[in-house]
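J.: Quick one: the structure is below, questions incoming.
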Amino acid sequence: MALKTYRPLTPSQRFKQTPSFSEITKDYPEKSLVEPRKRTGGRNNHGRLTSRHIGGGHKRKYRIIDFKRKLRGVEATVVAIEYDPNRSARIALLNYTSGEKAYILAPNGLEVGAKVIAGDNVPPELGNALPLKSIPLGAAIHNVELTPGHGGQIARSAGQQAILNNREGGYALVRLPSGEIRRIHENAYATIGQVGNTDHMNVSSGKAGRTRWLGRRPHVRGMVMNPVDHPMGGGQGKSKGGGGRHHPVSPWGQLAKGFKTRRKHKPSDAFIVERRKSKSKKK
């Protein structure tokens, strides 16, 4: 994927970088694979605001993605690469030999006309899905299941990939995109390759309006608020919270930097071999 730059004829175009969409081959989604997507505006079922800075934006329809790769042993042909407004990755439309159609995340390098298949004994080629016990060590994978049969949960965003490091005792050691090394059952499925749209991280909207189109409302810093509105508000001029030193907190007083929010003694701790911020990496 390439990025498109603009001549700086206006201030908003000076640093604007948008996707070229050159890899997109189909403009409209498959009707049988979309469903309505209700917008909440950040409100819950009582109408109360529970998530700030959400609202507006363009209408969307949800594309039903096959994260489980349900059809095993049936070959499919990639008939289109499409844009999905609900995620950063591109999606690929598959047409199975059995006549069924499905969407999957499009890995980097997958093109129209390619053949993909899912199963226990399929070759470890781009776009194929197979259990971790059948994938060669060192391979780049994405859409990794944490629990066999639950569908892919890990490495699904644009440009993400996990690395299969080792296998021992019925489990595979997988290095996640965060750097964490996690023990995952060897029967869990994963897809070969890196998620496409790798330049997504370099996209620059150029103006606030493009962010509003995505459904994101303005985010005001707490430090520029009044003391009645935020713990870090107030003070004469720019201050670190109310005229005195105040560690960054949320509007409700929870520490915003360095405070660990993960629950202690979580059952999944037993599967983490190395944390994403291990002490050995600190200098």
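If you're wondering about the labels, chains in the structure tokens are A, B, ... by order shown, residues count from 1 in each chain, ligands from 1 in order shown.
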Can you list, as a list in words, every protein, DNA or RNA residue that comes within 12 Å of Lys101 of chain A when you count only C-alpha atoms, leaving out same-chain residues fewer than 5 positions away?
T.: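 Final neighbour list, sorted by chain and number: Pro29, Glu30, Lys31, Ser32, Leu33, Val34, Ile64, Ile65, Asp66, Arg69, Lys70, Leu71, Val74, Glu75, Ala76, Thr77, Val78, Val79, Ala80, Ala92, Leu93, Leu94, Asn95 and Tyr96 of chain A.
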J.: I'd like the contact shell of Ala106 of chain A - 6 Å cut-off, only C-alpha atoms, skipping same-chain residues fewer than 5 positions apart - returned as a PyMOL selection string.
T.: chain A and resi 90-92+196
J.: Which residues are close to Arg52 of chain A, i.e. within 10 Å by only C-alpha atoms, leaving aside same-chain residues fewer than 3 positions away? Reply as a tab-separated table (two decimals) with C-alpha atoms, in the first residue's frame.
T.:
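Saved as out14.tsv:
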```tsv
chain	number	residue	atom	x	y	z
A	41	GLY	CA	-22.84	8.20	20.43
A	42	GLY	CA	-21.02	6.93	23.51
A	43	ARG	CA	-24.29	6.47	25.43
A	49	LEU	CA	-22.59	9.22	28.43
A	55	GLY	CA	-20.44	10.91	17.99
A	216	ARG	CA	-14.39	11.14	16.87
A	217	ARG	CA	-15.35	14.35	18.68
A	218	PRO	CA	-12.90	16.92	20.12
A	219	HIS	CA	-10.80	15.86	23.11
```
J.: Can you tell me, as a list in words, what residues are no more than 10 Å from Asp84 of chain A when counting only C-alpha atoms, ignoring any on the same chain fewer than 2 positions away?
T.: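 Near Asp84 of chain A, the qualifying residues are Pro29, Arg60, Lys61, Tyr62, Arg63, Ile81, Glu82, Asn86, Arg87, Ser88, Ala89, Arg90, Ile91, Ala92 and Leu105 of chain A.
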J.: Mind dumping the selected residues with C-alpha atoms as a PDB file, in the first residue's frame?
T.:
```pdb
ATOM      1  CA  PRO A  29     -19.429  -4.863  -0.048  1.00  0.00           C
ATOM      2  CA  ARG A  60     -21.251   2.352   8.317  1.00  0.00           C
ATOM      3  CA  LYS A  61     -22.337  -1.207   7.764  1.00  0.00           C
ATOM      4  CA  TYR A  62     -20.591  -4.035   9.586  1.00  0.00           C
ATOM      5  CA  ARG A  63     -18.768  -6.560   7.413  1.00  0.00           C
ATOM      6  CA  ILE A  81      -9.725  -6.804  -1.823  1.00  0.00           C
ATOM      7  CA  GLU A  82     -12.076  -4.347  -0.118  1.00  0.00           C
ATOM      8  CA  ASN A  86     -14.727  -0.645  10.845  1.00  0.00           C
ATOM      9  CA  ARG A  87     -11.037  -1.592  10.987  1.00  0.00           C
ATOM     10  CA  SER A  88      -7.616  -0.413   9.874  1.00  0.00           C
ATOM     11  CA  ALA A  89      -6.879  -3.576   7.861  1.00  0.00           C
ATOM     12  CA  ARG A  90      -8.179  -4.371   4.398  1.00  0.00           C
ATOM     13  CA  ILE A  91     -10.436  -7.394   3.931  1.00  0.00           C
ATOM     14  CA  ALA A  92     -10.445 -10.081   1.245  1.00  0.00           C
ATOM     15  CA  LEU A 105      -8.412 -10.102   6.943  1.00  0.00           C
TER      16      LEU A 105
END
```
J.: At most 8 Å is the cut-off: for each residue in segment 188-253 of chain A with any atom that close to an atom of segment 119-128 of chain A, write down the nearest atom pair and the distance in Å rounded to one decimal, counting only C-alpha atoms, chain first then increasing number, as CSV.
T.:
```
residue,atom,partner,partner_atom,distance
A:Thr191,CA,A:Asn128,CA,5.6
A:Ile192,CA,A:Leu126,CA,5.1
A:Gly193,CA,A:Leu126,CA,5.5
```
